[in-house]
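*Asks:* What follows is upload.csv, CSV, C-alpha atoms and all ligand atoms.
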chain,number,residue,atom,x,y,z
L,18,MET,CA,0.0,0.0,0.0
L,19,ASN,CA,1.2,3.5,-0.8
L,20,ILE,CA,0.9,5.1,2.7
L,21,GLU,CA,1.1,8.7,1.5
L,22,LYS,CA,-1.7,8.1,-1.1
L,23,PHE,CA,-3.8,6.3,1.5
L,24,CYS,CA,-3.5,9.2,3.9
L,25,ARG,CA,-4.2,11.8,1.2
L,26,GLU,CA,-7.3,10.0,0.1
L,27,ASN,CA,-8.7,8.9,3.5
L,28,CYS,CA,-7.6,11.4,6.2
L,29,ARG,CA,-9.8,14.4,6.8
L,30,GLU,CA,-9.4,17.8,8.5
L,31,ARG,CA,-11.5,17.5,11.6
L,32,ARG,CA,-10.9,20.9,13.2
L,33,GLY,CA,-14.2,22.8,13.3
L,34,THR,CA,-16.4,19.6,13.1
L,35,GLY,CA,-17.3,19.5,16.8
L,36,THR,CA,-14.6,16.9,17.4
L,37,LEU,CA,-13.6,16.1,21.0
L,38,LYS,CA,-9.9,15.5,20.0
L,39,TRP,CA,-9.4,18.7,17.9
L,40,ASP,CA,-12.1,21.1,19.1
L,41,SER,CA,-11.9,20.8,22.8
L,42,LEU,CA,-8.1,21.4,23.2
L,43,HIS,CA,-8.7,24.7,24.9
L,44,GLU,CA,-11.2,23.2,27.3
L,45,ILE,CA,-9.0,20.1,28.2
L,46,PHE,CA,-5.5,21.4,27.8
L,47,GLY,CA,-6.0,25.2,28.1
L,48,ASP,CA,-4.4,25.7,24.7
L,49,PRO,CA,-6.2,25.5,21.3
L,50,ASP,CA,-3.1,25.3,19.2
L,51,LEU,CA,-1.6,22.0,20.0
L,52,LEU,CA,-1.3,19.0,17.7
L,53,PRO,CA,-3.7,16.4,19.2
L,54,LEU,CA,-2.6,12.8,19.5
L,55,TRP,CA,-4.8,12.0,22.5
L,56,VAL,CA,-8.4,10.4,22.3
L,57,ALA,CA,-8.6,7.0,20.7
L,58,ASP,CA,-10.3,7.8,17.5
L,59,MET,CA,-8.9,8.4,14.0
L,60,GLU,CA,-8.6,11.1,11.3
L,61,ILE,CA,-9.5,8.4,8.8
L,62,GLN,CA,-12.9,8.3,7.1
L,63,SER,CA,-14.9,5.2,7.9
L,64,PRO,CA,-15.3,2.5,5.2
L,65,ALA,CA,-17.1,3.5,2.1
L,66,ALA,CA,-19.8,0.9,2.7
L,67,VAL,CA,-20.5,2.6,6.1
L,68,ARG,CA,-20.9,6.0,4.5
L,69,GLU,CA,-23.1,4.6,1.8
L,70,ALA,CA,-25.4,2.8,4.2
L,71,LEU,CA,-25.7,5.9,6.4
L,72,MET,CA,-26.4,8.1,3.4
L,73,LYS,CA,-29.1,5.7,2.1
L,74,ARG,CA,-30.8,6.0,5.5
L,75,VAL,CA,-30.4,9.8,5.6
L,76,ASP,CA,-32.1,9.9,2.2
L,77,HIS,CA,-35.0,7.9,3.5
L,78,GLY,CA,-35.4,10.7,6.0
L,79,VAL,CA,-37.4,9.1,8.8
L,80,PHE,CA,-35.5,8.6,12.0
L,81,GLY,CA,-38.0,7.0,14.4
L,82,TYR,CA,-37.5,4.4,17.1
L,83,SER,CA,-35.5,1.4,15.7
L,84,THR,CA,-35.1,-2.2,16.1
L,85,VAL,CA,-32.2,-4.5,15.2
L,86,GLY,CA,-32.8,-6.6,12.1
L,87,ASP,CA,-31.5,-10.1,11.2
L,88,ALA,CA,-28.8,-8.5,8.9
L,89,TYR,CA,-27.2,-6.9,11.9
L,90,PHE,CA,-26.8,-10.1,13.8
L,91,ASP,CA,-25.6,-12.0,10.7
L,92,SER,CA,-23.0,-9.4,10.1
L,93,PHE,CA,-21.7,-9.1,13.6
L,94,PHE,CA,-21.8,-12.8,14.4
L,95,ALA,CA,-20.0,-13.7,11.1
L,96,TRP,CA,-17.2,-11.3,12.0
L,97,GLN,CA,-16.9,-12.7,15.6
L,98,LYS,CA,-16.7,-16.2,14.2
L,99,LYS,CA,-14.3,-15.4,11.4
L,100,TYR,CA,-11.8,-13.3,13.2
L,101,HIS,CA,-12.1,-14.4,16.8
L,102,ASN,CA,-13.6,-17.8,16.6
L,103,VAL,CA,-16.4,-16.8,19.0
L,104,GLU,CA,-19.8,-18.2,18.4
L,105,LEU,CA,-22.6,-16.0,19.5
L,106,THR,CA,-26.4,-16.2,19.6
L,107,ARG,CA,-28.9,-13.4,20.2
L,108,GLU,CA,-29.6,-14.5,23.8
L,109,HIS,CA,-26.0,-13.7,24.7
L,110,LEU,CA,-26.1,-10.2,23.3
L,111,ARG,CA,-27.4,-6.8,24.6
L,112,PHE,CA,-26.8,-3.4,23.1
L,113,ALA,CA,-25.5,-0.3,24.9
L,114,THR,CA,-24.5,3.2,24.1
L,115,GLY,CA,-20.8,2.8,24.8
L,116,VAL,CA,-18.4,0.5,26.5
L,117,VAL,CA,-17.6,3.1,29.3
L,118,GLY,CA,-21.3,3.3,30.1
L,119,SER,CA,-21.4,-0.5,30.3
L,120,LEU,CA,-18.5,-0.5,32.8
L,121,TYR,CA,-20.6,1.6,35.1
L,122,ALA,CA,-23.6,-0.6,34.5
L,123,ALA,CA,-21.6,-3.8,35.3
L,124,VAL,CA,-20.1,-2.3,38.4
L,125,ARG,CA,-23.6,-1.2,39.6
L,126,ALA,CA,-25.4,-4.4,38.6
L,127,TYR,CA,-23.0,-6.9,40.2
L,128,THR,CA,-21.4,-5.1,43.2
L,129,ARG,CA,-22.6,-3.0,46.1
L,130,GLU,CA,-21.3,0.2,47.5
L,131,GLU,CA,-18.1,-0.3,49.4
L,132,ASP,CA,-17.4,-3.6,47.5
L,133,SER,CA,-13.8,-3.7,46.1
L,134,VAL,CA,-13.1,-3.7,42.4
L,135,ILE,CA,-9.6,-4.4,41.0
L,136,ILE,CA,-7.9,-3.0,38.0
L,137,CYS,CA,-4.3,-3.3,36.6
L,138,PRO,CA,-2.7,0.1,35.9
L,139,PRO,CA,-1.4,1.7,33.9
L,140,VAL,CA,-4.9,1.4,32.4
L,141,TYR,CA,-7.6,3.4,30.6
L,142,TYR,CA,-8.6,6.0,33.1
L,143,PRO,CA,-12.4,5.6,32.9
L,144,PHE,CA,-11.8,2.3,34.6
L,145,TYR,CA,-11.0,4.2,37.8
L,146,ASP,CA,-14.0,6.5,37.3
L,147,SER,CA,-16.4,3.6,37.0
L,148,ILE,CA,-15.3,2.4,40.4
L,149,LEU,CA,-14.9,5.6,42.3
L,150,ASN,CA,-17.9,7.4,40.8
L,151,THR,CA,-20.2,4.5,41.9
L,152,GLY,CA,-18.9,4.5,45.5
L,153,ARG,CA,-17.0,1.3,45.2
L,154,LYS,CA,-13.5,0.7,46.6
L,155,LEU,CA,-10.7,0.9,44.2
L,156,VAL,CA,-8.0,-1.8,44.4
L,157,THR,CA,-5.0,-1.5,42.0
L,158,CYS,CA,-2.5,-4.1,41.1
L,159,GLU,CA,0.1,-2.3,39.0
L,160,LEU,CA,1.5,-4.3,36.0
L,161,ASP,CA,5.2,-5.0,36.1
L,162,ASN,CA,7.3,-3.0,33.6
L,163,ASN,CA,10.0,-5.2,32.2
L,164,ASN,CA,12.0,-2.7,30.1
L,165,GLY,CA,8.8,-1.6,28.3
L,166,TYR,CA,7.1,-5.0,28.2
L,167,TYR,CA,4.3,-5.2,30.7
L,168,THR,CA,3.2,-8.4,32.6
L,169,LEU,CA,1.0,-9.2,35.6
L,170,ASP,CA,2.4,-10.5,38.8
L,171,PHE,CA,-0.1,-13.2,39.5
L,172,GLU,CA,0.9,-13.8,43.1
L,173,LYS,CA,0.4,-10.1,43.9
L,174,PHE,CA,-2.9,-10.1,41.9
L,175,GLU,CA,-4.2,-13.0,44.0
L,176,LYS,CA,-3.0,-11.4,47.3
L,177,ASP,CA,-4.7,-8.1,46.4
L,178,ILE,CA,-7.9,-9.9,45.7
L,179,VAL,CA,-7.9,-11.9,48.9
L,180,ASP,CA,-6.7,-9.0,51.1
L,181,ASN,CA,-9.4,-6.7,49.8
L,182,LYS,CA,-12.2,-9.2,49.4
L,183,VAL,CA,-12.4,-8.1,45.8
L,184,LYS,CA,-15.7,-8.8,44.0
L,185,MET,CA,-14.9,-7.7,40.4
L,186,PHE,CA,-11.9,-7.4,38.1
L,187,ILE,CA,-12.1,-5.0,35.1
L,188,LEU,CA,-9.7,-6.4,32.5
L,189,CYS,CA,-8.5,-4.5,29.5
L,190,SER,CA,-7.9,-6.9,26.7
L,191,PRO,CA,-5.9,-5.9,24.6
L,192,HIS,CA,-4.6,-3.5,27.2
L,193,ASN,CA,-4.7,0.2,26.7
L,194,PRO,CA,-2.2,2.0,27.1
L,195,VAL,CA,0.6,-0.6,27.3
L,196,SER,CA,-0.5,-2.4,24.1
L,197,ARG,CA,-0.4,-6.0,25.5
L,198,VAL,CA,-2.3,-8.7,23.9
L,199,TRP,CA,-2.7,-11.2,26.7
L,200,SER,CA,-1.8,-14.8,25.9
L,201,GLU,CA,-4.3,-17.5,26.6
L,202,GLU,CA,-2.0,-18.8,29.4
L,203,GLU,CA,-2.0,-15.3,31.1
L,204,LEU,CA,-5.8,-15.0,30.8
L,205,ASP,CA,-6.3,-18.5,32.1
L,206,THR,CA,-4.2,-17.7,35.2
L,207,MET,CA,-6.1,-14.5,35.8
L,208,PHE,CA,-9.4,-16.2,35.4
L,209,ARG,CA,-8.4,-19.2,37.5
L,210,ILE,CA,-7.6,-16.8,40.4
L,211,CYS,CA,-10.8,-14.9,39.9
L,212,HIS,CA,-12.9,-18.1,39.8
L,213,LYS,CA,-11.3,-19.4,42.9
L,214,HIS,CA,-12.1,-16.3,44.9
L,215,GLY,CA,-15.6,-15.6,43.5
L,216,VAL,CA,-14.5,-12.6,41.4
L,217,LEU,CA,-16.5,-11.5,38.4
L,218,VAL,CA,-14.5,-10.5,35.3
L,219,VAL,CA,-15.6,-7.6,33.1
L,220,SER,CA,-13.5,-8.0,30.0
L,221,ASP,CA,-13.2,-4.8,27.9
L,222,GLU,CA,-12.4,-6.1,24.4
L,223,ILE,CA,-13.0,-3.0,22.4
L,224,HIS,CA,-9.5,-3.1,20.9
L,225,GLN,CA,-9.8,-6.7,19.8
L,226,ASP,CA,-9.4,-6.1,16.1
L,227,PHE,CA,-6.1,-4.3,16.4
L,228,THR,CA,-3.3,-6.8,16.7
L,229,TYR,CA,-0.1,-7.0,14.7
L,230,ASP,CA,2.7,-9.4,13.7
L,231,GLU,CA,1.0,-12.8,14.3
L,232,LYS,CA,0.0,-11.8,17.8
L,233,LYS,CA,-3.4,-13.4,18.3
L,234,PHE,CA,-6.1,-11.8,20.4
L,235,ILE,CA,-8.0,-14.5,22.5
L,236,SER,CA,-11.4,-13.5,23.6
L,237,SER,CA,-12.1,-14.2,27.2
L,238,ALA,CA,-15.0,-16.3,26.0
L,239,LEU,CA,-12.6,-18.9,24.6
L,240,VAL,CA,-10.1,-19.2,27.5
L,241,GLY,CA,-9.9,-22.7,28.9
L,242,ASP,CA,-12.3,-23.9,26.2
L,243,GLY,CA,-15.0,-21.5,27.6
L,244,LYS,CA,-14.9,-22.8,31.1
L,245,TYR,CA,-15.0,-19.3,32.7
L,246,LYS,CA,-18.2,-18.2,31.0
L,247,ASP,CA,-20.0,-18.1,34.4
L,248,ILE,CA,-17.8,-15.2,35.6
L,249,LEU,CA,-17.6,-13.2,32.4
L,250,ILE,CA,-19.2,-10.0,31.2
L,251,ILE,CA,-17.6,-9.1,27.8
L,252,LEU,CA,-17.8,-5.6,26.3
L,253,ASN,CA,-17.0,-4.9,22.7
L,254,ALA,CA,-18.0,-2.7,19.8
L,255,GLY,CA,-17.4,-1.8,16.2
L,256,SER,CA,-16.6,1.8,17.3
L,257,LYS,CA,-12.8,1.5,17.6
L,258,THR,CA,-12.4,-1.0,14.8
L,259,PHE,CA,-14.1,1.2,12.2
L,260,ASN,CA,-13.8,4.7,13.8
L,261,LEU,CA,-17.5,5.1,14.7
L,262,ALA,CA,-17.2,6.2,18.3
L,263,GLY,CA,-19.5,9.2,17.8
L,264,LEU,CA,-22.4,6.9,16.9
L,265,ILE,CA,-22.4,5.5,20.5
L,266,HIS,CA,-23.3,1.9,20.0
L,267,SER,CA,-21.7,-1.1,21.6
L,268,HIS,CA,-22.2,-4.7,22.8
L,269,VAL,CA,-22.6,-6.5,26.1
L,270,ILE,CA,-22.0,-10.2,25.9
L,271,ILE,CA,-23.0,-12.5,28.7
L,272,PHE,CA,-23.2,-16.3,28.5
L,273,ASP,CA,-24.4,-17.2,31.9
L,274,LYS,CA,-28.1,-17.2,32.4
L,275,GLN,CA,-28.1,-15.9,35.9
L,276,LEU,CA,-25.6,-13.1,35.1
L,277,MET,CA,-27.7,-12.1,32.2
L,278,GLU,CA,-30.8,-12.0,34.4
L,279,THR,CA,-29.0,-9.7,36.9
L,280,TYR,CA,-27.9,-7.5,34.0
L,281,ASP,CA,-31.3,-7.3,32.5
L,282,ALA,CA,-32.9,-6.5,35.9
L,283,TYR,CA,-30.4,-3.7,36.5
L,284,ILE,CA,-31.0,-2.2,33.0
L,285,LYS,CA,-34.8,-2.4,33.6
L,286,SER,CA,-34.4,-0.6,36.9
L,287,ILE,CA,-32.7,2.4,35.2
L,288,GLY,CA,-35.1,2.5,32.2
L,289,SER,CA,-33.4,1.0,29.1
L,290,ALA,CA,-32.6,3.2,26.1
L,291,GLU,CA,-33.6,2.2,22.6
L,292,VAL,CA,-30.8,1.3,20.2
L,293,ASN,CA,-29.0,4.0,18.2
L,294,LEU,CA,-30.4,3.9,14.7
L,295,MET,CA,-27.3,5.2,13.0
L,296,GLY,CA,-25.0,3.1,15.1
L,297,ILE,CA,-26.8,0.0,14.1
L,298,ILE,CA,-26.7,0.8,10.4
L,299,ALA,CA,-23.0,1.8,10.4
L,300,VAL,CA,-21.8,-1.2,12.4
L,301,GLU,CA,-23.8,-3.7,10.4
L,302,ALA,CA,-22.2,-2.4,7.2
L,303,ALA,CA,-18.7,-2.2,8.7
L,304,PHE,CA,-18.7,-5.7,9.9
L,305,ARG,CA,-20.0,-6.9,6.6
L,306,ASP,CA,-17.8,-4.9,4.2
L,307,GLY,CA,-15.0,-3.3,6.3
L,308,GLU,CA,-12.4,-6.0,6.1
L,309,GLU,CA,-10.2,-4.4,3.4
L,310,TRP,CA,-10.4,-1.0,5.0
L,311,LEU,CA,-9.3,-2.4,8.3
L,312,GLU,CA,-6.3,-4.1,6.8
L,313,ASN,CA,-5.2,-0.8,5.2
L,314,VAL,CA,-5.7,1.1,8.4
L,315,LYS,CA,-3.6,-1.5,10.3
L,316,GLU,CA,-0.9,-1.2,7.7
L,317,LEU,CA,-0.9,2.6,8.3
L,318,ILE,CA,-0.7,2.2,12.1
L,319,LEU,CA,2.2,-0.2,11.8
L,320,HIS,CA,4.0,2.1,9.4
L,321,ASN,CA,3.5,5.0,11.8
L,322,TYR,CA,4.7,2.8,14.7
L,323,ASN,CA,7.8,1.6,12.9
L,324,TYR,CA,8.7,5.1,11.8
L,325,MET,CA,8.4,6.4,15.4
L,326,LYS,CA,10.4,3.5,16.9
L,327,GLN,CA,13.2,3.8,14.3
L,328,GLU,CA,13.5,7.6,14.7
L,329,PHE,CA,13.7,7.4,18.4
L,330,ALA,CA,16.2,4.6,18.3
L,331,GLU,CA,18.4,6.6,16.0
L,332,GLU,CA,18.0,10.1,17.5
L,333,LEU,CA,17.1,9.6,21.2
L,334,PRO,CA,18.1,6.0,22.1
L,335,LYS,CA,17.0,6.4,25.7
L,336,VAL,CA,13.4,6.8,24.7
L,337,LEU,CA,11.6,3.5,25.3
L,338,VAL,CA,8.7,2.7,23.0
L,339,THR,CA,6.6,-0.3,24.2
L,340,PRO,CA,6.2,-3.1,21.7
L,341,LEU,CA,3.1,-2.7,19.6
L,342,GLU,CA,1.1,-5.9,20.2
L,343,GLY,CA,-2.4,-4.5,20.3
L,344,THR,CA,-4.5,-1.3,20.1
L,345,TYR,CA,-3.4,1.7,18.0
L,346,LEU,CA,-2.0,3.5,20.9
L,347,THR,CA,1.7,3.6,21.8
L,348,TRP,CA,3.2,4.0,25.2
L,349,ILE,CA,6.4,5.9,25.4
L,350,ASP,CA,8.8,6.2,28.4
L,351,LEU,CA,10.7,9.5,28.3
L,352,ARG,CA,12.4,9.2,31.6
L,353,GLY,CA,15.8,8.7,29.9
L,354,TYR,CA,15.6,12.4,29.2
L,355,LEU,CA,12.9,14.0,31.2
L,356,THR,CA,11.9,13.8,34.9
L,357,GLY,CA,8.5,12.5,35.7
L,358,GLU,CA,7.5,15.9,37.0
L,359,GLU,CA,8.4,17.9,33.9
L,360,THR,CA,7.3,15.5,31.1
L,361,ALA,CA,3.6,16.4,30.7
L,362,VAL,CA,4.4,20.2,30.7
L,363,PHE,CA,7.4,19.7,28.4
L,364,ILE,CA,5.3,17.7,25.8
L,365,GLN,CA,2.5,20.2,25.9
L,366,ASP,CA,4.2,23.6,26.2
L,367,THR,CA,7.6,23.0,24.5
L,368,CYS,CA,6.7,20.2,22.0
L,369,ARG,CA,3.2,21.7,21.4
L,370,LEU,CA,1.5,18.3,21.5
L,371,ALA,CA,-1.7,17.2,23.2
L,372,CYS,CA,-1.0,13.6,24.3
L,373,ASP,CA,-2.4,11.5,27.1
L,374,ALA,CA,0.0,12.0,30.1
L,375,GLY,CA,1.2,8.8,31.7
L,376,GLU,CA,-0.2,9.9,35.1
L,377,TRP,CA,-3.7,9.8,33.7
L,378,PHE,CA,-3.3,6.0,33.6
L,379,SER,CA,-1.3,5.4,36.8
L,380,HIS,CA,0.1,7.5,39.6
L,381,MET,CA,3.3,5.6,38.9
L,382,ALA,CA,3.5,6.6,35.2
L,383,HIS,CA,4.9,10.1,35.4
L,384,GLY,CA,7.4,10.5,32.6
L,385,PHE,CA,5.3,8.4,30.1
L,386,ILE,CA,3.0,9.6,27.3
L,387,ARG,CA,0.5,7.8,25.1
L,388,ILE,CA,0.4,8.6,21.4
L,389,ASN,CA,-2.4,7.7,19.1
L,390,LEU,CA,-1.0,6.2,15.9
L,391,ALA,CA,-4.3,6.0,13.9
L,392,THR,CA,-3.7,9.3,12.1
L,393,ASP,CA,-2.2,10.8,9.0
L,394,THR,CA,1.6,9.9,9.0
L,395,LYS,CA,2.4,13.6,8.8
L,396,ASN,CA,1.0,14.1,12.3
L,397,VAL,CA,3.2,11.4,13.7
L,398,VAL,CA,6.2,12.9,11.9
L,399,THR,CA,5.5,16.3,13.3
L,400,ALA,CA,5.1,14.9,16.8
L,401,VAL,CA,8.3,12.8,16.6
L,402,GLU,CA,10.3,15.6,15.1
L,403,SER,CA,9.2,18.0,17.7
L,404,ILE,CA,10.0,15.6,20.6
L,405,ILE,CA,13.5,14.9,19.1
L,406,ARG,CA,14.3,18.5,18.4
L,407,ASN,CA,13.2,19.8,21.7
L,408,ILE,CA,14.8,17.1,23.8
L,409,LYS,CA,18.1,17.6,21.9
L,410,GLU,CA,17.9,21.3,22.6
L,411,LYS,CA,17.2,20.7,26.2
L,412,GLU,CA,20.2,18.3,26.4
L,413,LYS,CA,22.5,21.0,25.0
L,414,LYS,CA,21.6,23.4,27.8
I,1,LIG,C1,-10.2,0.2,26.7
I,1,LIG,C2,-11.3,1.2,26.2
I,1,LIG,N1,-12.5,1.0,26.6
I,1,LIG,C3,-13.5,1.8,26.2
I,1,LIG,C4,-13.3,2.9,25.4
I,1,LIG,C5,-14.4,3.8,25.0
I,1,LIG,O1,-15.5,3.1,24.7
I,1,LIG,P1,-16.9,3.8,24.3
I,1,LIG,O2,-16.6,4.9,23.4
I,1,LIG,O3,-17.7,2.7,23.7
I,1,LIG,O4,-17.5,4.2,25.6
I,1,LIG,C6,-12.0,3.2,25.0
I,1,LIG,C7,-11.7,4.4,24.2
I,1,LIG,O5,-10.6,4.8,24.1
I,1,LIG,C8,-10.9,2.3,25.4
I,1,LIG,O6,-9.7,2.5,25.1
Can you turn what I pasted into structure tokens?

*Replies:*
Amino acid sequence: MNIEKFCRENCRERRGTGTLKWDSLHEIFGDPDLLPLWVADMEIQSPAAVREALMKRVDHGVFGYSTVGDAYFDSFFAWQKKYHNVELTREHLRFATGVVGSLYAAVRAYTREEDSVIICPPVYYPFYDSILNTGRKLVTCELDNNNGYYTLDFEKFEKDIVDNKVKMFILCSPHNPVSRVWSEEELDTMFRICHKHGVLVVSDEIHQDFTYDEKKFISSALVGDGKYKDILIILNAGSKTFNLAGLIHSHVIIFDKQLMETYDAYIKSIGSAEVNLMGIIAVEAAFRDGEEWLENVKELILHNYNYMKQEFAEELPKVLVTPLEGTYLTWIDLRGYLTGEETAVFIQDTCRLACDAGEWFSHMAHGFIRINLATDTKNVVTAVESIIRNIKEKEKK
């Protein structure tokens, strides 16, 4: 694929389109003139099939309450089977208006106030919010950083669960921001511990379609030949895969009958929302016809990653870029050049970039940044050049 041509033809100017990433810089960073590489969405247009399906519906012009037709289930189930070997039926599936909302719903449905919920930082910051904003007790088991490659210390994980009488584990699989695609063995060990201590697992699999270099994503549903289904609540969506986050539509997958009854009762108690019409139309088309588009986007992401890694290796060898196993987010350790305290300010005020600061994901991750690679290569080049130039200048002083 010609990357430059792909970017030219598929990336769009988003400033001025009411975009969280580009148009709320002043609100979030206090500075409207930064290059944004935060928020996990893309500058890339969604697949042509998605746009055509949406336009057809817009032309119809009636946007009343909607239902989900057979074609949606066929499309989504075929994708799950083909790419992840997961067999689903309708009874296992519920719709929601976003994975983050479903994290809150799961915490509320299955735990009580003051119950402990465990997460493994550095991790996507709404995980913290879903526990703290619902009055639950936050338990953190930090991942081990082995020279940029992150693993879970299972002994510590089990001890934290037992010591805090943990009721729920929120797993990020693949793991944002450290890009791990957990192996079946790792997942099996986590789930065995959870099963042993009566801990439910909420598995956020929203990044499942972004894996690279033979690294295989294993859905929690398949671990141990499916033997952990009675403790699993799986969350996924087409929104990351096909850049549809603004259409707020996502999935909740529950295999266990009792867990599903509890979930349904909770949703009933808060008054369930209808499905999002445009979300349904877009996701159905994407899962049916989006394969080639996704392959191209992954090639672009990998290209951007390899460029970044090589530039840093040549110009600033003490920058540590975490191996890209999953997601389209890269986790960068700048502590070889910057102190933890100065990094976020340096990246924003000196390099003129809006990135997710490490400390958003863990109180131990000062000195790290997360960069979104699913963008026009020229944005990644600007960011990398700026970091290199400014760190070199700083080094001279
Ligand atoms: C791990 C993870 N979960 C959930 C979300 C957001 O999901 P949604 O937009 O469906 O609420 C993100 C977005 O970055 C994410 O990285």

*Asks:* Using all atoms listed in the file, what table do you get, as CSV, when you list each residue of region 130-244 of chain L with an atom no more than 8 Å from region 332-348 of chain L, its nearest pair of atoms, and their distance in Å rounded to one decimal, rows by chain then rising number?

*Replies:*
residue,atom,partner,partner_atom,distance
L:Asn164,CA,L:Leu337,CA,7.9
L:Gly165,CA,L:Thr339,CA,4.8
L:Tyr166,CA,L:Thr339,CA,6.2
L:Pro191,CA,L:Gly343,CA,5.7
L:His192,CA,L:Gly343,CA,7.3
L:Asn193,CA,L:Thr344,CA,6.8
L:Pro194,CA,L:Trp348,CA,6.1
L:Val195,CA,L:Trp348,CA,5.7
L:Ser196,CA,L:Gly343,CA,4.7
L:Arg197,CA,L:Glu342,CA,5.5
L:Val198,CA,L:Gly343,CA,5.5
L:His224,CA,L:Thr344,CA,5.4
L:Gln225,CA,L:Thr344,CA,7.6
L:Asp226,CA,L:Thr344,CA,7.9
L:Phe227,CA,L:Thr344,CA,5.0
L:Thr228,CA,L:Gly343,CA,4.4
L:Tyr229,CA,L:Glu342,CA,5.7
L:Asp230,CA,L:Glu342,CA,7.6
L:Lys232,CA,L:Glu342,CA,6.5

*Asks:* To one decimal place in Å, what is the distance between CA of Leu264 (chain L) and CA of Ala303 (chain L)?

*Replies:* 12.8 Å

*Asks:* From the set L:Tyr145, L:Tyr322, L:Phe112, L:Tyr245, which residue has the shortest atom-to-atom contact distance to Ala290 (chain L), counting all atoms listed in the file?

*Replies:* L:Phe112

*Asks:* Pick out the residues no farther than 6 Å from ligand LIG 1 (chain I), counting all atoms listed in the file, and list them as a list in words.

*Replies:*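 Those residues are Ala57, Gly115, Val116, Val117, Gly118, Tyr141, Cys189, Asn193, Asp221, Ile223, Ala262 and Ser267 of chain L.
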
*Asks:* I'd like to know which of L:Phe23, L:Lys176, L:Leu249, L:Leu390 is closest to Lys326 (chain L), using only C-alpha atoms.

*Replies:*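 Result for the nearest residue to Lys326 (chain L): L:Leu390.
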
*Asks:* Of the residues L:Tyr142, L:Tyr354, L:Lys274, L:Val240, which is the one nearest to Glu412 (chain L), using only C-alpha atoms?

*Replies:*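 Using only C-alpha atoms, Glu412 (chain L) sits closest to L:Tyr354.
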
*Asks:* Here is a test: counting all atoms listed in the file, which residue of L:Val397, L:Ala122, L:Cys28, L:Leu105 is nearest to Glu328 (chain L)?

*Replies:*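 Of L:Val397, L:Ala122, L:Cys28, L:Leu105, the one nearest Glu328 (chain L), counting all atoms listed in the file, is L:Val397.
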
*Asks:* Please identify all polymer residues within 9 Å of region 146-159 of chain L, counting only C-alpha atoms, omitting same-chain residues fewer than 2 positions from it, and present them as an NGL selection string.

*Replies:* :L and (117-118 or 120-122 or 124-125 or 128-139 or 142-144 or 161 or 169-170 or 173-174 or 177-178 or 181 or 183 or 379 or 381)

*Asks:* Please compute the CA of Gly81 (chain L)-CA of Val292 (chain L) distance, one decimal, in Å.

*Replies:*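 Between CA of Gly81 (chain L) and CA of Val292 (chain L) the gap works out to 10.9 Å.
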
*Asks:* What gap, in Å, lies between CA of Leu276 (chain L) and CA of Thr84 (chain L)?

*Replies:* 23.9 Å

*Asks:* Find, counting only C-alpha atoms, the residue in L:Gly255, L:Val216, L:Glu69, L:Val103 that gets nearest to Asp242 (chain L).

*Replies:*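 Of L:Gly255, L:Val216, L:Glu69, L:Val103, the one nearest Asp242 (chain L) is L:Val103, counting only C-alpha atoms.
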
*Asks:* Could you check the closest approach to Thr367 (chain L) for each of L:Ile187, L:Met295, L:Ile284, L:Ile404 and tell me which residue wins, using only C-alpha atoms?

*Replies:*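 Distance minimum relative to Thr367 (chain L) lands on L:Ile404.
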
*Asks:* Please provide as a ChimeraX atom specification all residues within 10 Å of region 31-43 of chain L, with the sequence filter that same-chain residues fewer than 2 positions apart are discarded (counting all atoms listed in the file).

*Replies:* /L:28-29,45-61,263,371

*Asks:* Within 12 Å of Asn407 (chain L), counting only C-alpha atoms, which residues show up once you throw out same-chain ones fewer than 2 positions away? Write them as a JSON list (two decimals) with C-alpha atoms, in the frame of the given file, please.

*Replies:*
[["chain", "number", "residue", "atom", "x", "y", "z"],
["L", 332, "GLU", "CA", 18.00, 10.10, 17.50],
["L", 333, "LEU", "CA", 17.10, 9.60, 21.20],
["L", 354, "TYR", "CA", 15.60, 12.40, 29.20],
["L", 355, "LEU", "CA", 12.90, 14.00, 31.20],
["L", 360, "THR", "CA", 7.30, 15.50, 31.10],
["L", 363, "PHE", "CA", 7.40, 19.70, 28.40],
["L", 364, "ILE", "CA", 5.30, 17.70, 25.80],
["L", 365, "GLN", "CA", 2.50, 20.20, 25.90],
["L", 366, "ASP", "CA", 4.20, 23.60, 26.20],
["L", 367, "THR", "CA", 7.60, 23.00, 24.50],
["L", 368, "CYS", "CA", 6.70, 20.20, 22.00],
["L", 369, "ARG", "CA", 3.20, 21.70, 21.40],
["L", 370, "LEU", "CA", 1.50, 18.30, 21.50],
["L", 399, "THR", "CA", 5.50, 16.30, 13.30],
["L", 400, "ALA", "CA", 5.10, 14.90, 16.80],
["L", 401, "VAL", "CA", 8.30, 12.80, 16.60],
["L", 402, "GLU", "CA", 10.30, 15.60, 15.10],
["L", 403, "SER", "CA", 9.20, 18.00, 17.70],
["L", 404, "ILE", "CA", 10.00, 15.60, 20.60],
["L", 405, "ILE", "CA", 13.50, 14.90, 19.10],
["L", 409, "LYS", "CA", 18.10, 17.60, 21.90],
["L", 410, "GLU", "CA", 17.90, 21.30, 22.60],
["L", 411, "LYS", "CA", 17.20, 20.70, 26.20],
["L", 412, "GLU", "CA", 20.20, 18.30, 26.40],
["L", 413, "LYS", "CA", 22.50, 21.00, 25.00],
["L", 414, "LYS", "CA", 21.60, 23.40, 27.80]]
